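Visitor: The structure under discussion is supplied below as structure tokens; questions concerning it will follow.
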Amino acid sequence: MSKKVLVPLAEGVEEVEVITIIDVLRRAGIEVVIASLTDNLEVKGAHNIAIKADTSLEKIMSYDFDGIALAGGYGGMNNLKADKRILEKLKNMYEAKKLVAAICASPIVLGEAGVINGKYTCYPSCESAVKGGEYVEKDIVVCDGNIITSKGPATTVFFALELVKYLNGSNEELANELLVPLIK
């Protein structure tokens, strides 16, 4: 049975990150549910690109997921951080030992939910707003237990591949198909 990951879609999201996360996970055969924070399924990103969600967060709050992945974008992060349902979902999934992942500014949301206790990374300068944990500056992706964090737009493919590895046990074949060895 394929794994299922929730990708919340918030106004102001960093488009390159959210699309890359969804794309890479789906290529790996992972079911991705894109959920808008509001009833409006068409969500405008940080660079005015409209992205269509599958459903609203309200409709899937009780669903069981193997993971949750938050894209960044400062506006998107602030909207995620202000949503009590997101904070509750993060806390519950963390405690259930499910995958909890965030990139760019969104580790701030993980801190707000109180789930960052170990090592993490984020967009440079955002670490001052992250509650808890130990910031790792040099790594582009940091895995600590069931928490995976990453720096930002340019690191998204590596971040998404790390999610695939965590959920499916391996990501080598997909990394090769995506030509990752060319840029390592």
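In the structure tokens, each chain is lettered A, B, ... as it comes, each chain's residues begin at 1, and ligands are numbered from 1 in order of appearance.
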DSSP on the backbone: which residues in region 92-170 of chain A end up as helix (DSSP H, G or I)? Give the answer as number ranges by chain.

Guide: A: 92-95, 107-112, 126-129, 153-168

Visitor: Those same residues, written as a short mmCIF file (atom, residue, chain, number, x, y, z; two decimals), in the first residue's frame with C-alpha atoms?

Guide:
```cif
data_model
loop_
_atom_site.label_atom_id
_atom_site.label_comp_id
_atom_site.auth_asym_id
_atom_site.auth_seq_id
_atom_site.Cartn_x
_atom_site.Cartn_y
_atom_site.Cartn_z
CA ASN A 92 -0.23 14.78 16.57
CA MET A 93 1.82 13.42 13.67
CA TYR A 94 5.09 14.10 15.48
CA GLU A 95 3.86 12.27 18.59
CA PRO A 107 10.67 25.14 10.21
CA ILE A 108 9.37 28.21 12.10
CA VAL A 109 5.93 26.52 11.96
CA LEU A 110 7.42 23.31 13.39
CA GLY A 111 8.91 25.37 16.23
CA GLU A 112 5.54 27.00 16.84
CA CYS A 126 14.96 32.33 9.79
CA GLU A 127 16.66 30.30 12.55
CA SER A 128 16.26 33.22 14.97
CA ALA A 129 12.47 32.73 14.76
CA PRO A 153 14.27 26.69 -3.22
CA ALA A 154 17.57 25.32 -4.56
CA THR A 155 17.58 22.43 -2.06
CA THR A 156 14.01 21.27 -2.67
CA VAL A 157 14.82 18.28 -4.90
CA PHE A 158 17.23 16.96 -2.25
CA PHE A 159 14.65 17.61 0.47
CA ALA A 160 11.91 15.78 -1.44
CA LEU A 161 14.24 12.85 -2.19
CA GLU A 162 15.02 12.60 1.53
CA LEU A 163 11.25 12.38 2.20
CA VAL A 164 11.03 9.58 -0.40
CA LYS A 165 13.94 7.74 1.25
CA TYR A 166 12.30 8.09 4.67
CA LEU A 167 8.91 6.83 3.45
CA ASN A 168 9.96 4.22 0.86
#
```

Visitor: Against region 68-80 of chain A, which residues of region 11-39 of chain A fall within 10 Å? For each one I want the closest pair of atoms and the distance in Å (one decimal), counting only C-alpha atoms, rows by chain and increasing residue number, as JSON lines.

Guide:
```
{"residue": "A:Glu11", "atom": "CA", "partner": "A:Gly76", "partner_atom": "CA", "distance": 5.3}
{"residue": "A:Gly12", "atom": "CA", "partner": "A:Gly76", "partner_atom": "CA", "distance": 4.1}
{"residue": "A:Val13", "atom": "CA", "partner": "A:Gly76", "partner_atom": "CA", "distance": 4.1}
{"residue": "A:Glu14", "atom": "CA", "partner": "A:Gly73", "partner_atom": "CA", "distance": 4.3}
{"residue": "A:Glu15", "atom": "CA", "partner": "A:Gly73", "partner_atom": "CA", "distance": 8.0}
{"residue": "A:Val16", "atom": "CA", "partner": "A:Ala71", "partner_atom": "CA", "distance": 8.9}
{"residue": "A:Glu17", "atom": "CA", "partner": "A:Ala71", "partner_atom": "CA", "distance": 5.6}
{"residue": "A:Val18", "atom": "CA", "partner": "A:Ala71", "partner_atom": "CA", "distance": 5.2}
{"residue": "A:Ile19", "atom": "CA", "partner": "A:Ala71", "partner_atom": "CA", "distance": 8.9}
{"residue": "A:Thr20", "atom": "CA", "partner": "A:Ala71", "partner_atom": "CA", "distance": 9.4}
{"residue": "A:Ile21", "atom": "CA", "partner": "A:Ala71", "partner_atom": "CA", "distance": 7.8}
{"residue": "A:Ile22", "atom": "CA", "partner": "A:Ala69", "partner_atom": "CA", "distance": 9.2}
{"residue": "A:Val32", "atom": "CA", "partner": "A:Ile68", "partner_atom": "CA", "distance": 9.4}
{"residue": "A:Val33", "atom": "CA", "partner": "A:Ile68", "partner_atom": "CA", "distance": 9.5}
{"residue": "A:Leu37", "atom": "CA", "partner": "A:Leu80", "partner_atom": "CA", "distance": 8.0}
```

Visitor: List every residue of region 6-112 of chain A that has an atom at most 12 Å from any atom of region 177-183 of chain A, and for each one report the closest atom pair and its distance in Å to one decimal, counting only C-alpha atoms, with rows sorted by chain and then by increasing residue number, as a tab-separated table.

Guide:
```
residue	atom	partner	partner_atom	distance
A:Thr20	CA	A:Leu178	CA	11.5
A:Asp23	CA	A:Leu178	CA	11.1
A:Val24	CA	A:Leu178	CA	9.0
A:Arg27	CA	A:Glu177	CA	9.9
A:Ala28	CA	A:Glu177	CA	10.8
```

Visitor: Could you please take those selected residues and save N, CA and C atoms as a short mmCIF file (atom, residue, chain, number, x, y, z; two decimals), in the first residue's frame?

Guide:
```cif
data_model
loop_
_atom_site.label_atom_id
_atom_site.label_comp_id
_atom_site.auth_asym_id
_atom_site.auth_seq_id
_atom_site.Cartn_x
_atom_site.Cartn_y
_atom_site.Cartn_z
N THR A 20 7.69 21.08 -6.42
CA THR A 20 8.76 20.07 -6.43
C THR A 20 8.47 18.96 -5.43
N ASP A 23 5.61 16.84 -6.89
CA ASP A 23 6.08 16.14 -8.08
C ASP A 23 6.98 14.95 -7.71
N VAL A 24 8.00 15.19 -6.90
CA VAL A 24 8.96 14.14 -6.55
C VAL A 24 8.28 13.02 -5.76
N ARG A 27 6.15 10.96 -8.18
CA ARG A 27 7.01 10.12 -9.03
C ARG A 27 7.43 8.86 -8.29
N ALA A 28 7.54 8.96 -6.97
CA ALA A 28 7.97 7.83 -6.15
C ALA A 28 6.80 6.92 -5.78
#
```

Visitor: Could you please determine the separation between CA of Val5 (chain A) and CA of His47 (chain A) in Å, to one decimal place?

Guide: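 Distance between the two atoms: 24.6 Å.
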
Visitor: Between CA of Ser125 (chain A) and CA of Ile140 (chain A), measure the distance and give it in Å to one decimal.

Guide: 14.2 Å

Visitor: For a quick check of understanding, using only C-alpha atoms, which of A:Ile103, A:Lys97, A:Arg26, A:Glu173 has the smallest distance to Val115 (chain A)?

Guide: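 When distances to Val115 (chain A) are compared using only C-alpha atoms, the smallest one comes from A:Lys97.
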
Visitor: Given only C-alpha atoms as the basis, pick out the residue of A:Ile147, A:Lys119, A:Thr55, A:Ser36 nearest to Tyr135 (chain A).

Guide: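 Among the listed residues, A:Lys119 lies closest to Tyr135 (chain A).
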
Visitor: Any chance you could list, as a PyMOL selection string, the residues in chain A that come up strand (DSSP E or B) when DSSP is run on the backbone?

Guide: chain A and resi 4-9+31-36+42-44+50-52+55-56+67-70+99-103+119-120+134-135+141-144+147-150

Visitor: Determine, counting only C-alpha atoms, which protein, DNA and RNA residues have an atom within 9 Å of an atom of Gly145 (chain A); residues of the same chain fewer than 3 positions away are not included. Present the result as number ranges by chain.

Guide: A: 97, 99, 118, 148

Visitor: Take the residues from that selection and write them out as a PDB file, in the first residue's frame, keeping N, CA, C and O atoms.

Guide:
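Below you can see selection.pdb, which holds the result:
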```pdb
ATOM      1  N   LYS A  97       4.952   9.536  15.695  1.00  0.00           N
ATOM      2  CA  LYS A  97       6.179   9.115  14.991  1.00  0.00           C
ATOM      3  C   LYS A  97       6.012   9.074  13.474  1.00  0.00           C
ATOM      4  O   LYS A  97       6.623   8.276  12.778  1.00  0.00           O
ATOM      5  N   LEU A  99       6.188  11.116   9.700  1.00  0.00           N
ATOM      6  CA  LEU A  99       7.121  12.067   9.107  1.00  0.00           C
ATOM      7  C   LEU A  99       6.574  13.494   9.210  1.00  0.00           C
ATOM      8  O   LEU A  99       5.434  13.761   8.840  1.00  0.00           O
ATOM      9  N   GLY A 118      15.517  18.520  18.265  1.00  0.00           N
ATOM     10  CA  GLY A 118      16.880  18.158  17.879  1.00  0.00           C
ATOM     11  C   GLY A 118      17.446  19.110  16.857  1.00  0.00           C
ATOM     12  O   GLY A 118      17.169  20.310  16.868  1.00  0.00           O
ATOM     13  N   ILE A 148      12.351  16.161   9.177  1.00  0.00           N
ATOM     14  CA  ILE A 148      13.273  16.473   8.090  1.00  0.00           C
ATOM     15  C   ILE A 148      13.081  17.938   7.716  1.00  0.00           C
ATOM     16  O   ILE A 148      11.950  18.385   7.510  1.00  0.00           O
TER      17      ILE A 148
END
```

Visitor: Excluding Tyr63 (chain A) and any residue of its chain fewer than 2 positions from it, enumerate the residues within 10 Å of it, using only C-alpha atoms, and give them as a list in words.

Guide: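 Selected residues are Lys4, Leu6, Lys59, Ile60, Met61 and Phe65 of chain A.
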
Visitor: Emit the selected residues as a JSON list (two decimals), in the first residue's frame, including C-alpha atoms.

Guide:
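Result file follows (again.json):
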```json
[["chain", "number", "residue", "atom", "x", "y", "z"],
["A", 4, "LYS", "CA", 0.14, 9.08, 1.96],
["A", 6, "LEU", "CA", -0.37, 15.79, 3.38],
["A", 59, "LYS", "CA", -12.36, 18.01, 4.85],
["A", 60, "ILE", "CA", -9.30, 15.86, 5.56],
["A", 61, "MET", "CA", -8.38, 16.82, 9.14],
["A", 65, "PHE", "CA", -1.29, 10.33, 6.85]]
```

Visitor: Pick the closest to Glu137 (chain A) from A:Ala82, A:Asn171, A:Thr149, A:Pro124: which is it, counting only C-alpha atoms?

Guide: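 Closest to Glu137 (chain A) of all the choices is A:Pro124.
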